[in-house]
$ cat model_17.pdb   # PDB, C-alpha atoms
MODEL        1
ATOM      1  CA  MET A   1       5.260  -4.907  15.387
ATOM      2  CA  THR A   2       6.145  -1.762  17.284
ATOM      3  CA  THR A   3       7.433   1.743  16.715
ATOM      4  CA  THR A   4       8.561   4.499  19.054
ATOM      5  CA  VAL A   5       7.324   7.948  19.985
ATOM      6  CA  ALA A   6      10.514   9.423  18.521
ATOM      7  CA  ASN A   7       9.525   8.092  15.082
ATOM      8  CA  LEU A   8       6.335  10.158  15.199
ATOM      9  CA  LEU A   9       8.429  13.315  15.430
ATOM     10  CA  ASP A  10      10.089  12.499  12.105
ATOM     11  CA  ASP A  11       6.774  12.732  10.217
ATOM     12  CA  PRO A  12       6.258  16.378   9.124
ATOM     13  CA  ALA A  13       2.588  15.687   8.363
ATOM     14  CA  LEU A  14       1.922  15.289  12.084
ATOM     15  CA  GLY A  15       3.697  18.502  13.136
ATOM     16  CA  LEU A  16       4.380  17.284  16.680
ATOM     17  CA  ARG A  17       6.467  19.170  19.250
ATOM     18  CA  VAL A  18       7.758  17.780  22.544
ATOM     19  CA  LEU A  19       6.854  19.948  25.529
ATOM     20  CA  ALA A  20       7.561  17.568  28.412
ATOM     21  CA  GLY A  21       8.761  14.057  29.203
ATOM     22  CA  HIS A  22      11.745  14.088  26.830
ATOM     23  CA  LYS A  23      13.316  11.068  28.496
ATOM     24  CA  GLY A  24      10.421   8.881  27.358
ATOM     25  CA  LEU A  25      10.792   9.420  23.596
ATOM     26  CA  GLN A  26      11.954   5.828  23.105
ATOM     27  CA  ARG A  27       8.751   4.437  24.581
ATOM     28  CA  GLU A  28       7.227   1.787  22.343
ATOM     29  CA  ILE A  29       3.896   2.209  20.580
ATOM     30  CA  ARG A  30       2.233  -1.204  20.347
ATOM     31  CA  SER A  31      -1.131  -0.275  18.854
ATOM     32  CA  PRO A  32      -2.267   1.959  15.960
ATOM     33  CA  GLN A  33      -5.456   2.792  17.866
ATOM     34  CA  LEU A  34      -5.961   6.076  19.757
ATOM     35  CA  ASN A  35      -7.748   6.863  23.013
ATOM     36  CA  ARG A  36      -9.394  10.037  24.335
ATOM     37  CA  PRO A  37      -9.308   9.704  28.153
ATOM     38  CA  GLY A  38     -12.386  11.795  28.893
ATOM     39  CA  LEU A  39     -13.987   9.170  31.153
ATOM     40  CA  GLU A  40     -10.689   8.399  32.851
ATOM     41  CA  LEU A  41     -10.287  12.069  33.831
ATOM     42  CA  THR A  42     -13.519  11.715  35.802
ATOM     43  CA  GLY A  43     -12.230   8.588  37.551
ATOM     44  CA  TYR A  44     -13.804   5.821  35.441
ATOM     45  CA  PHE A  45     -11.073   3.345  34.413
ATOM     46  CA  GLU A  46     -13.142   0.255  33.667
ATOM     47  CA  ALA A  47     -12.467   0.358  29.883
ATOM     48  CA  PHE A  48      -9.163   2.270  29.897
ATOM     49  CA  ARG A  49      -6.816   1.289  27.032
ATOM     50  CA  ALA A  50      -3.376   2.183  28.367
ATOM     51  CA  GLU A  51      -1.520   0.702  25.349
ATOM     52  CA  ARG A  52      -2.915   3.408  23.069
ATOM     53  CA  ILE A  53      -1.704   6.955  22.436
ATOM     54  CA  GLN A  54      -3.746   9.324  24.599
ATOM     55  CA  VAL A  55      -5.239  12.343  22.783
ATOM     56  CA  LEU A  56      -6.442  15.451  24.621
ATOM     57  CA  GLY A  57      -8.772  17.622  22.552
ATOM     58  CA  ASN A  58     -10.551  20.851  23.447
ATOM     59  CA  GLY A  59     -13.010  19.028  25.702
ATOM     60  CA  GLU A  60     -10.399  17.241  27.784
ATOM     61  CA  VAL A  61      -8.163  20.314  28.098
ATOM     62  CA  SER A  62     -11.088  22.531  29.156
ATOM     63  CA  PHE A  63     -12.143  19.941  31.733
ATOM     64  CA  ILE A  64      -8.635  19.892  33.230
ATOM     65  CA  GLU A  65      -8.343  23.696  33.298
ATOM     66  CA  LYS A  66     -11.743  24.211  34.975
ATOM     67  CA  HIS A  67     -11.734  21.285  37.380
ATOM     68  CA  ARG A  68     -12.585  22.363  40.924
ATOM     69  CA  GLU A  69     -10.834  19.514  42.715
ATOM     70  CA  PRO A  70      -7.197  19.679  41.575
ATOM     71  CA  HIS A  71      -5.968  17.019  44.004
ATOM     72  CA  LEU A  72      -8.486  14.463  42.748
ATOM     73  CA  LEU A  73      -7.715  15.385  39.125
ATOM     74  CA  MET A  74      -3.974  15.013  39.796
ATOM     75  CA  ASP A  75      -4.597  11.487  41.060
ATOM     76  CA  HIS A  76      -6.513  10.646  37.869
ATOM     77  CA  LEU A  77      -3.784  12.107  35.646
ATOM     78  CA  LEU A  78      -1.060  10.201  37.496
ATOM     79  CA  ARG A  79      -3.077   7.018  37.098
ATOM     80  CA  ILE A  80      -3.519   7.646  33.350
ATOM     81  CA  LEU A  81       0.091   8.546  32.599
ATOM     82  CA  GLY A  82       1.492   6.026  35.057
ATOM     83  CA  ALA A  83      -0.157   3.123  33.207
ATOM     84  CA  ARG A  84       2.728   2.877  30.692
ATOM     85  CA  VAL A  85       0.942   4.874  28.010
ATOM     86  CA  PRO A  86       3.194   5.661  24.990
ATOM     87  CA  CYS A  87       2.572   9.417  25.048
ATOM     88  CA  VAL A  88      -0.104  12.092  25.327
ATOM     89  CA  ILE A  89      -0.889  14.516  22.477
ATOM     90  CA  VAL A  90      -2.697  17.838  22.897
ATOM     91  CA  THR A  91      -4.421  18.959  19.681
ATOM     92  CA  ASN A  92      -5.632  22.260  18.168
ATOM     93  CA  GLY A  93      -2.291  23.963  18.873
ATOM     94  CA  ARG A  94      -3.122  24.297  22.568
ATOM     95  CA  GLN A  95      -0.506  24.130  25.268
ATOM     96  CA  PRO A  96      -0.878  21.235  27.723
ATOM     97  CA  PRO A  97      -2.200  22.443  31.085
ATOM     98  CA  PRO A  98       0.532  22.876  33.741
ATOM     99  CA  MET A  99      -0.822  19.859  35.598
ATOM    100  CA  VAL A 100      -0.253  17.656  32.538
ATOM    101  CA  ILE A 101       3.286  19.021  32.088
ATOM    102  CA  GLU A 102       4.048  18.322  35.746
ATOM    103  CA  CYS A 103       2.774  14.740  35.617
ATOM    104  CA  ALA A 104       4.493  14.009  32.271
ATOM    105  CA  ASP A 105       7.891  15.191  33.531
ATOM    106  CA  ALA A 106       7.482  13.339  36.812
ATOM    107  CA  ILE A 107       6.675  10.005  35.139
ATOM    108  CA  GLY A 108       8.716  10.429  31.950
ATOM    109  CA  VAL A 109       5.809  10.282  29.511
ATOM    110  CA  PRO A 110       6.233  12.485  26.403
ATOM    111  CA  ALA A 111       3.664  15.292  26.251
ATOM    112  CA  LEU A 112       3.322  16.496  22.657
ATOM    113  CA  SER A 113       1.574  19.451  21.067
ATOM    114  CA  CYS A 114      -0.087  19.236  17.644
ATOM    115  CA  PRO A 115      -1.314  22.170  15.487
ATOM    116  CA  HIS A 116      -4.062  20.104  13.819
ATOM    117  CA  THR A 117      -7.629  19.579  14.923
ATOM    118  CA  THR A 118      -8.390  16.353  16.743
ATOM    119  CA  THR A 119     -10.165  14.910  13.693
ATOM    120  CA  LYS A 120      -7.282  15.720  11.339
ATOM    121  CA  LEU A 121      -4.737  14.320  13.804
ATOM    122  CA  HIS A 122      -6.730  11.087  14.060
ATOM    123  CA  LYS A 123      -6.646  10.719  10.262
ATOM    124  CA  ARG A 124      -2.958  11.509   9.829
ATOM    125  CA  LEU A 125      -1.842   9.517  12.838
ATOM    126  CA  TRP A 126      -3.890   6.530  11.690
ATOM    127  CA  GLU A 127      -2.296   6.685   8.225
ATOM    128  CA  HIS A 128       1.174   6.834   9.787
ATOM    129  CA  LEU A 129       0.616   4.011  12.277
ATOM    130  CA  ASP A 130      -1.344   1.824   9.863
ATOM    131  CA  ALA A 131       1.707   1.688   7.601
ATOM    132  CA  GLU A 132       3.965   0.920  10.578
ATOM    133  CA  PHE A 133       1.772  -1.929  11.860
ATOM    134  CA  ALA A 134       0.694  -3.313   8.474
ATOM    135  CA  ALA A 135       1.183  -7.000   7.688
ATOM    136  CA  GLU A 136       4.403  -7.511   5.733
ATOM    137  CA  SER A 137       5.910 -10.137   3.456
ATOM    138  CA  THR A 138       8.965 -10.463   1.201
ATOM    139  CA  LEU A 139       8.617 -11.867  -2.323
ATOM    140  CA  HIS A 140      11.148 -12.934  -4.946
ATOM    141  CA  GLY A 141      10.449 -10.831  -8.014
ATOM    142  CA  VAL A 142      10.726  -7.445  -9.703
ATOM    143  CA  LEU A 143       8.371  -4.507  -9.097
ATOM    144  CA  LEU A 144       7.949  -1.860 -11.819
ATOM    145  CA  ASP A 145       5.763   1.157 -12.455
ATOM    146  CA  ILE A 146       4.488   0.810 -16.043
ATOM    147  CA  HIS A 147       2.024   3.450 -17.238
ATOM    148  CA  ASP A 148       1.108   4.096 -13.585
ATOM    149  CA  ILE A 149       0.327   0.394 -13.042
ATOM    150  CA  GLY A 150       2.337  -1.392 -10.352
ATOM    151  CA  VAL A 151       3.462  -4.624 -12.049
ATOM    152  CA  LEU A 152       5.016  -7.409  -9.996
ATOM    153  CA  LEU A 153       7.061  -9.810 -12.150
ATOM    154  CA  LEU A 154       7.333 -13.308 -10.690
ATOM    155  CA  GLY A 155       8.939 -16.523 -11.894
ATOM    156  CA  ASP A 156      11.757 -18.966 -11.325
ATOM    157  CA  SER A 157      15.326 -17.793 -11.156
ATOM    158  CA  ALA A 158      16.931 -17.070 -14.571
ATOM    159  CA  VAL A 159      13.572 -17.008 -16.386
ATOM    160  CA  GLY A 160      14.224 -13.444 -17.570
ATOM    161  CA  LYS A 161      12.610 -11.128 -15.016
ATOM    162  CA  SER A 162      15.577  -8.776 -14.650
ATOM    163  CA  GLU A 163      16.273  -8.692 -18.401
ATOM    164  CA  CYS A 164      12.634  -7.811 -19.056
ATOM    165  CA  ALA A 165      12.809  -5.102 -16.375
ATOM    166  CA  LEU A 166      15.961  -3.600 -17.916
ATOM    167  CA  GLU A 167      14.237  -3.326 -21.290
ATOM    168  CA  LEU A 168      11.260  -1.557 -19.707
ATOM    169  CA  ILE A 169      13.502   0.806 -17.726
ATOM    170  CA  ARG A 170      15.293   1.682 -20.973
ATOM    171  CA  ARG A 171      11.894   2.661 -22.393
ATOM    172  CA  GLY A 172      11.391   5.149 -19.581
ATOM    173  CA  PHE A 173       9.455   3.162 -16.994
ATOM    174  CA  HIS A 174      10.402   2.988 -13.315
ATOM    175  CA  LEU A 175      12.052   0.360 -11.134
ATOM    176  CA  VAL A 176      10.858  -0.009  -7.571
ATOM    177  CA  ALA A 177      12.590  -3.216  -6.468
ATOM    178  CA  ASP A 178      14.525  -6.133  -7.941
ATOM    179  CA  ASP A 179      15.029  -9.647  -6.577
ATOM    180  CA  LEU A 180      13.506  -9.007  -3.129
ATOM    181  CA  VAL A 181      10.274  -6.999  -2.907
ATOM    182  CA  THR A 182       8.963  -6.007   0.519
ATOM    183  CA  VAL A 183       5.160  -5.877   0.441
ATOM    184  CA  LYS A 184       2.912  -4.292   3.061
ATOM    185  CA  CYS A 185      -0.875  -4.491   3.224
ATOM    186  CA  VAL A 186      -2.071  -0.963   4.037
ATOM    187  CA  GLY A 187      -5.697  -0.206   4.797
ATOM    188  CA  GLU A 188      -6.544  -3.932   4.540
ATOM    189  CA  SER A 189      -6.702  -3.810   0.725
ATOM    190  CA  ALA A 190      -3.722  -1.915  -0.748
ATOM    191  CA  LEU A 191      -0.493  -3.826  -1.391
ATOM    192  CA  ILE A 192       2.440  -1.414  -1.248
ATOM    193  CA  GLY A 193       5.774  -2.725  -2.517
ATOM    194  CA  ARG A 194       9.235  -1.301  -1.943
ATOM    195  CA  ALA A 195      12.866  -2.369  -2.108
ATOM    196  CA  THR A 196      14.786  -3.779   0.833
ATOM    197  CA  GLU A 197      16.931  -1.343   2.767
ATOM    198  CA  LEU A 198      20.181  -3.193   2.059
ATOM    199  CA  LEU A 199      20.558  -2.585  -1.708
ATOM    200  CA  PRO A 200      17.718  -0.433  -3.040
ATOM    201  CA  TYR A 201      17.537   0.129  -6.821
ATOM    202  CA  HIS A 202      20.253  -2.457  -7.520
ATOM    203  CA  MET A 203      19.727  -5.218 -10.073
ATOM    204  CA  GLU A 204      21.514  -8.439 -10.901
ATOM    205  CA  ALA A 205      22.066  -8.978 -14.626
ATOM    206  CA  ARG A 206      23.625 -12.344 -15.434
ATOM    207  CA  GLY A 207      26.830 -11.898 -17.390
ATOM    208  CA  ILE A 208      27.152  -8.274 -16.245
ATOM    209  CA  GLY A 209      26.809  -8.416 -12.463
ATOM    210  CA  ILE A 210      25.194  -6.036  -9.988
ATOM    211  CA  VAL A 211      24.231  -2.681 -11.471
ATOM    212  CA  ASP A 212      22.849   0.443  -9.809
ATOM    213  CA  ILE A 213      19.825   1.547 -11.831
ATOM    214  CA  ARG A 214      19.744   4.961 -10.192
ATOM    215  CA  LEU A 215      23.315   5.691 -11.287
ATOM    216  CA  LEU A 216      22.931   4.164 -14.756
ATOM    217  CA  TYR A 217      19.627   5.763 -15.762
ATOM    218  CA  GLY A 218      19.220   8.613 -13.270
ATOM    219  CA  VAL A 219      16.919   9.255 -10.315
ATOM    220  CA  ALA A 220      13.922   9.554 -12.664
ATOM    221  CA  ALA A 221      14.201   5.811 -13.382
ATOM    222  CA  VAL A 222      13.383   4.686  -9.830
ATOM    223  CA  LEU A 223      10.537   5.011  -7.343
ATOM    224  CA  PRO A 224      10.662   4.404  -3.571
ATOM    225  CA  GLU A 225       7.365   2.475  -3.483
ATOM    226  CA  LYS A 226       4.352   1.548  -5.598
ATOM    227  CA  ARG A 227       0.952   0.001  -5.113
ATOM    228  CA  ILE A 228       0.835  -3.450  -6.732
ATOM    229  CA  THR A 229      -2.196  -3.875  -9.001
ATOM    230  CA  LEU A 230      -1.022  -6.610 -11.385
ATOM    231  CA  ALA A 231       1.097  -9.738 -10.988
ATOM    232  CA  ILE A 232       2.702 -11.482 -13.975
ATOM    233  CA  THR A 233       4.399 -14.860 -13.713
ATOM    234  CA  LEU A 234       6.977 -15.680 -16.383
ATOM    235  CA  VAL A 235       7.278 -19.403 -17.151
ATOM    236  CA  GLU A 236       9.310 -21.484 -19.566
ATOM    237  CA  TRP A 237       7.266 -22.343 -22.662
ATOM    238  CA  ASP A 238       5.760 -25.838 -22.424
ATOM    239  CA  ILE A 239       4.229 -27.241 -25.616
ATOM    240  CA  THR A 240       2.013 -29.548 -23.552
ATOM    241  CA  VAL A 241       0.310 -26.615 -21.821
ATOM    242  CA  GLU A 242      -2.599 -24.707 -23.384
ATOM    243  CA  TYR A 243      -2.051 -21.031 -22.546
ATOM    244  CA  ASP A 244      -4.836 -18.446 -22.497
ATOM    245  CA  ARG A 245      -5.297 -16.847 -25.936
ATOM    246  CA  THR A 246      -8.460 -14.777 -25.466
ATOM    247  CA  GLY A 247      -8.140 -13.152 -22.051
ATOM    248  CA  LEU A 248     -11.505 -14.522 -20.922
ATOM    249  CA  ALA A 249      -9.977 -16.836 -18.320
ATOM    250  CA  GLU A 250      -9.222 -14.351 -15.550
ATOM    251  CA  ASP A 251      -6.915 -15.422 -12.736
ATOM    252  CA  SER A 252      -5.944 -13.821  -9.428
ATOM    253  CA  LEU A 253      -3.084 -14.080  -6.955
ATOM    254  CA  SER A 254      -3.437 -13.766  -3.185
ATOM    255  CA  ILE A 255      -0.776 -11.761  -1.363
ATOM    256  CA  LEU A 256      -1.325 -11.113   2.348
ATOM    257  CA  ASP A 257      -4.982 -12.163   1.837
ATOM    258  CA  VAL A 258      -5.492  -9.516  -0.858
ATOM    259  CA  GLU A 259      -6.476 -10.714  -4.338
ATOM    260  CA  ILE A 260      -4.916  -8.981  -7.365
ATOM    261  CA  PRO A 261      -5.175  -9.794 -11.112
ATOM    262  CA  HIS A 262      -2.644 -12.368 -12.262
ATOM    263  CA  LEU A 263      -1.331 -13.336 -15.701
ATOM    264  CA  THR A 264       0.972 -16.132 -16.841
ATOM    265  CA  ILE A 265       3.215 -15.341 -19.816
ATOM    266  CA  PRO A 266       5.238 -18.156 -21.395
ATOM    267  CA  VAL A 267       8.841 -17.375 -22.317
ATOM    268  CA  ARG A 268      10.732 -18.659 -25.349
ATOM    269  CA  PRO A 269      13.363 -17.242 -27.743
ATOM    270  CA  GLY A 270      11.997 -14.620 -30.080
ATOM    271  CA  ARG A 271       9.239 -13.326 -27.795
ATOM    272  CA  ASN A 272       9.659  -9.678 -26.814
ATOM    273  CA  LEU A 273       8.873  -9.850 -23.095
ATOM    274  CA  GLY A 274       9.127  -6.104 -22.565
ATOM    275  CA  THR A 275       6.445  -5.436 -25.172
ATOM    276  CA  LEU A 276       4.193  -8.178 -23.792
ATOM    277  CA  VAL A 277       4.466  -6.917 -20.210
ATOM    278  CA  GLU A 278       3.847  -3.320 -21.286
ATOM    279  CA  ALA A 279       0.770  -4.413 -23.257
ATOM    280  CA  ALA A 280      -0.467  -6.342 -20.208
ATOM    281  CA  ALA A 281      -0.095  -3.244 -18.033
ATOM    282  CA  LEU A 282      -1.983  -1.079 -20.528
ATOM    283  CA  ASN A 283      -4.724  -3.706 -20.794
ATOM    284  CA  GLN A 284      -5.024  -3.751 -16.999
ATOM    285  CA  LYS A 285      -5.330   0.035 -17.033
ATOM    286  CA  LEU A 286      -8.216  -0.276 -19.521
ATOM    287  CA  LYS A 287      -9.898  -2.799 -17.229
ATOM    288  CA  GLU A 288      -9.631  -0.391 -14.308
ATOM    289  CA  LEU A 289     -11.393   2.176 -16.516
ATOM    290  CA  GLY A 290     -14.172  -0.337 -17.152
ATOM    291  CA  ILE A 291     -13.068  -1.495 -20.628
ATOM    292  CA  ASN A 292     -12.534  -5.251 -20.912
ATOM    293  CA  THR A 293     -11.618  -5.999 -24.534
ATOM    294  CA  ALA A 294     -12.058  -9.763 -24.215
ATOM    295  CA  ARG A 295     -15.533  -9.377 -22.701
ATOM    296  CA  LEU A 296     -16.527  -6.871 -25.374
ATOM    297  CA  MET A 297     -15.412  -9.284 -28.097
ATOM    298  CA  GLU A 298     -17.359 -12.105 -26.474
ATOM    299  CA  GLU A 299     -20.485  -9.949 -26.221
ATOM    300  CA  ARG A 300     -20.291  -8.891 -29.880
ATOM    301  CA  LEU A 301     -19.942 -12.496 -31.033
ATOM    302  CA  ARG A 302     -22.857 -13.557 -28.877
ATOM    303  CA  GLN A 303     -25.076 -10.763 -30.190
ATOM    304  CA  ARG A 304     -24.267 -11.661 -33.789
ATOM    305  CA  LEU A 305     -24.963 -15.331 -33.238
ATOM    306  CA  ASP A 306     -28.198 -14.604 -31.382
ATOM    307  CA  ALA A 307     -29.441 -12.243 -34.101
ATOM    308  CA  ASN A 308     -28.411 -14.504 -37.009
ATOM    309  CA  ASP A 309     -27.020 -11.429 -38.711
ATOM    310  CA  PRO A 310     -28.355 -11.421 -42.325
ATOM    311  CA  SER A 311     -25.149  -9.803 -43.551
ATOM    312  CA  CYS A 312     -23.360 -13.074 -42.797
ATOM    313  CA  ALA A 313     -25.862 -14.994 -44.950
ATOM    314  CA  ALA A 314     -25.614 -12.413 -47.758
ATOM    315  CA  SER A 315     -21.846 -12.614 -47.656
ATOM    316  CA  ASN A 316     -21.963 -16.392 -47.892
ATOM    317  CA  THR A 317     -24.374 -16.202 -50.885
ATOM    318  CA  GLN A 318     -22.188 -13.746 -52.797
ATOM    319  CA  SER A 319     -19.099 -15.837 -52.232
ATOM    320  CA  ALA A 320     -20.920 -18.880 -53.647
ATOM    321  CA  LYS A 321     -22.074 -17.212 -56.957
ATOM    322  CA  PRO A 322     -18.769 -17.477 -58.882
ATOM    323  CA  SER A 323     -18.701 -21.204 -58.317
ATOM    324  CA  ASP A 324     -22.293 -21.405 -59.593
ATOM    325  CA  ARG A 325     -21.315 -19.645 -62.842
ATOM    326  CA  SER A 326     -18.421 -21.994 -63.345
ATOM    327  CA  LYS A 327     -20.859 -24.851 -63.258
TER     328      LYS A 327
ENDMDL
END

$ encode --input "model_17.pdb" --output "structure tokens"
Amino acid sequence: MTTTVANLLDDPALGLRVLAGHKGLQREIRSPQLNRPGLELTGYFEAFRAERIQVLGNGEVSFIEKHREPHLLMDHLLRILGARVPCVIVTNGRQPPPMVIECADAIGVPALSCPHTTTKLHKRLWEHLDAEFAAESTLHGVLLDIHDIGVLLLGDSAVGKSECALELIRRGFHLVADDLVTVKCVGESALIGRATELLPYHMEARGIGIVDIRLLYGVAAVLPEKRITLAITLVEWDITVEYDRTGLAEDSLSILDVEIPHLTIPVRPGRNLGTLVEAAALNQKLKELGINTARLMEERLRQRLDANDPSCAASNTQSAKPSDRSK
């Protein structure tokens, strides 16, 4: 995966300005890592990472401005910028030294200025590039935002995913993607889903055709992306299968090597799928708050059995008295 220097300029959070090397804006960025070439400015290139964006902070800029051997420093700068680096960024709102401008224009390497501190630029640039270089996959399903829970509906074709989604959208919840969901793993643990670029916010409803949810229900009914925290697979009801009835049997689904909670809901006529999916999302929200209803029920039953609650015995005795009188 790659991106270009020009794409960095489109991110307002970075606040980058081009000061030199305009003809190199289409240079490819092949790594999300950054490099501060302090050692390279002194002539040590043993561990130089030329594929990374080069960042000049206060230390590097001061070193260049106060260097007493400009010819030697020029050689080092030409060697740094001439190694096919993507670009060089000067932080803290400082202007690149004239020597950097001269080398960048001569080689065609973009020299950019950033108003942020070096630490803040590292954070924001990492967030931007991590999303660009994140592992990606495309899944067949529907992604919804239900009570701030990202719910991914899975299942065979014609099982009722889109119909269920339409019912939930009518209730005021949000559609992110239908049919094809593009999923990226950001930060090694967050699964971010979004629609494909071809037909975002469109949905296929059998018997009706393709509908545009944004036009039908308004812009408030759609979201550009959502973190996926629950997966639900809809399956045709099979009387030979014993489905979970207590919630104690917890399952998970692996997407891009990230495990998320997973439920299987059987489908048959008369079951209100929208209500079931909404209840599942609310239950997942409770779990994220540390409240697991099934576990609490199990614990209460265990405590009562362990304690041999006398109220149970008293209740059994009272219920037996009328039969004694009848005798």

$ atom_distance --input "model_17.pdb" --atom1 "atom CA of A:Phe173" --atom2 "atom CA of A:Ile232"
16.4 Å

$ closest_residue --input "model_17.pdb" --among "A:Val88, A:Leu56, A:Leu81, A:Leu8" --to "A:Ala106" --atoms "only C-alpha atoms"
A:Leu81

$ closest_residue --input "model_17.pdb" --among "A:Val61, A:Ile53, A:Leu191, A:Ile213" --to "A:Ala135" --atoms "only C-alpha atoms"
A:Leu191

$ resolve_selection --input "model_17.pdb" --expression "the PyMOL selection byres ((chain A and resi 230) around 7)" --output "PyMOL selection string"
chain A and resi 150-152+228-229+231-232+260-262

$ closest_residue --input "model_17.pdb" --among "A:Ala13, A:Leu153, A:Ile29, A:Ala83" --to "A:Phe45" --atoms "all atoms listed in the file"
A:Ala83

$ resolve_selection --input "model_17.pdb" --expression "the PyMOL selection byres ((chain A and resi 99) around 10)" --output "ChimeraX atom specification"
/A:64-65,70,73-74,77-78,96-98,100-104

$ atom_distance --input "model_17.pdb" --atom1 "atom CA of A:Leu112" --atom2 "atom CA of A:Gly82"
16.3 Å

$ residues_around --input "model_17.pdb" --residues "A:Leu34" --least-positions-apart "5" --cutoff "9 Å" --atoms "only C-alpha atoms" --output "PyMOL selection string"
chain A and resi 49+51-55+122+125-126

$ atom_distance --input "model_17.pdb" --atom1 "atom CA of A:Thr118" --atom2 "atom CA of A:Arg36"
9.9 Å

$ resolve_selection --input "model_17.pdb" --expression "the PyMOL selection byres ((chain A and resi 163) around 10)" --output "mmCIF file with C-alpha atoms, in the coordinates of the input"
data_model
loop_
_atom_site.group_PDB
_atom_site.id
_atom_site.type_symbol
_atom_site.label_atom_id
_atom_site.label_comp_id
_atom_site.auth_asym_id
_atom_site.auth_seq_id
_atom_site.Cartn_x
_atom_site.Cartn_y
_atom_site.Cartn_z
ATOM 1 C CA ALA A 158 16.931 -17.070 -14.571
ATOM 2 C CA VAL A 159 13.572 -17.008 -16.386
ATOM 3 C CA GLY A 160 14.224 -13.444 -17.570
ATOM 4 C CA LYS A 161 12.610 -11.128 -15.016
ATOM 5 C CA SER A 162 15.577 -8.776 -14.650
ATOM 6 C CA CYS A 164 12.634 -7.811 -19.056
ATOM 7 C CA ALA A 165 12.809 -5.102 -16.375
ATOM 8 C CA LEU A 166 15.961 -3.600 -17.916
ATOM 9 C CA GLU A 167 14.237 -3.326 -21.290
ATOM 10 C CA LEU A 168 11.260 -1.557 -19.707
ATOM 11 C CA ILE A 169 13.502 0.806 -17.726
ATOM 12 C CA MET A 203 19.727 -5.218 -10.073
ATOM 13 C CA GLU A 204 21.514 -8.439 -10.901
ATOM 14 C CA ALA A 205 22.066 -8.978 -14.626
ATOM 15 C CA ARG A 206 23.625 -12.344 -15.434
ATOM 16 C CA LEU A 273 8.873 -9.850 -23.095
ATOM 17 C CA GLY A 274 9.127 -6.104 -22.565
#

$ closest_residue --input "model_17.pdb" --among "A:Asp179, A:Glu188, A:Glu259, A:Asp238" --to "A:Asp130" --atoms "all atoms listed in the file"
A:Glu188

$ closest_residue --input "model_17.pdb" --among "A:Arg124, A:Leu19, A:Thr3, A:Leu175" --to "A:Asp148" --atoms "only C-alpha atoms"
A:Leu175

$ closest_residue --input "model_17.pdb" --among "A:Gly155, A:Gly172, A:Gly187, A:Gly193" --to "A:Ile265" --atoms "all atoms listed in the file"
A:Gly155

$ build_atoms --input "model_17.pdb" --residues "stretch 180-192 of chain A" --atoms "N, CA and C atoms" --output "CSV table (one decimal), keeping the file's coordinate frame"
chain,number,residue,atom,x,y,z
A,180,LEU,N,14.3,-8.9,-4.3
A,180,LEU,CA,13.5,-9.0,-3.1
A,180,LEU,C,12.6,-7.8,-3.0
A,181,VAL,N,11.3,-8.1,-3.0
A,181,VAL,CA,10.3,-7.0,-2.9
A,181,VAL,C,9.6,-7.1,-1.6
A,182,THR,N,9.7,-6.1,-0.8
A,182,THR,CA,9.0,-6.0,0.5
A,182,THR,C,7.6,-5.5,0.3
A,183,VAL,N,6.6,-6.2,0.7
A,183,VAL,CA,5.2,-5.9,0.4
A,183,VAL,C,4.5,-5.7,1.8
A,184,LYS,N,3.7,-4.6,1.9
A,184,LYS,CA,2.9,-4.3,3.1
A,184,LYS,C,1.5,-4.1,2.6
A,185,CYS,N,0.6,-4.6,3.5
A,185,CYS,CA,-0.9,-4.5,3.2
A,185,CYS,C,-1.4,-3.3,4.0
A,186,VAL,N,-1.7,-2.2,3.4
A,186,VAL,CA,-2.1,-1.0,4.0
A,186,VAL,C,-3.6,-0.8,3.8
A,187,GLY,N,-4.3,-0.4,4.9
A,187,GLY,CA,-5.7,-0.2,4.8
A,187,GLY,C,-6.5,-1.5,4.5
A,188,GLU,N,-5.9,-2.6,4.7
A,188,GLU,CA,-6.5,-3.9,4.5
A,188,GLU,C,-6.8,-4.3,3.1
A,189,SER,N,-6.4,-3.5,2.1
A,189,SER,CA,-6.7,-3.8,0.7
A,189,SER,C,-5.6,-3.4,-0.3
A,190,ALA,N,-4.8,-2.4,0.2
A,190,ALA,CA,-3.7,-1.9,-0.7
A,190,ALA,C,-2.4,-2.6,-0.5
A,191,LEU,N,-1.8,-3.2,-1.5
A,191,LEU,CA,-0.5,-3.8,-1.4
A,191,LEU,C,0.6,-2.8,-1.9
A,192,ILE,N,1.4,-2.4,-0.9
A,192,ILE,CA,2.4,-1.4,-1.2
A,192,ILE,C,3.8,-2.1,-1.2
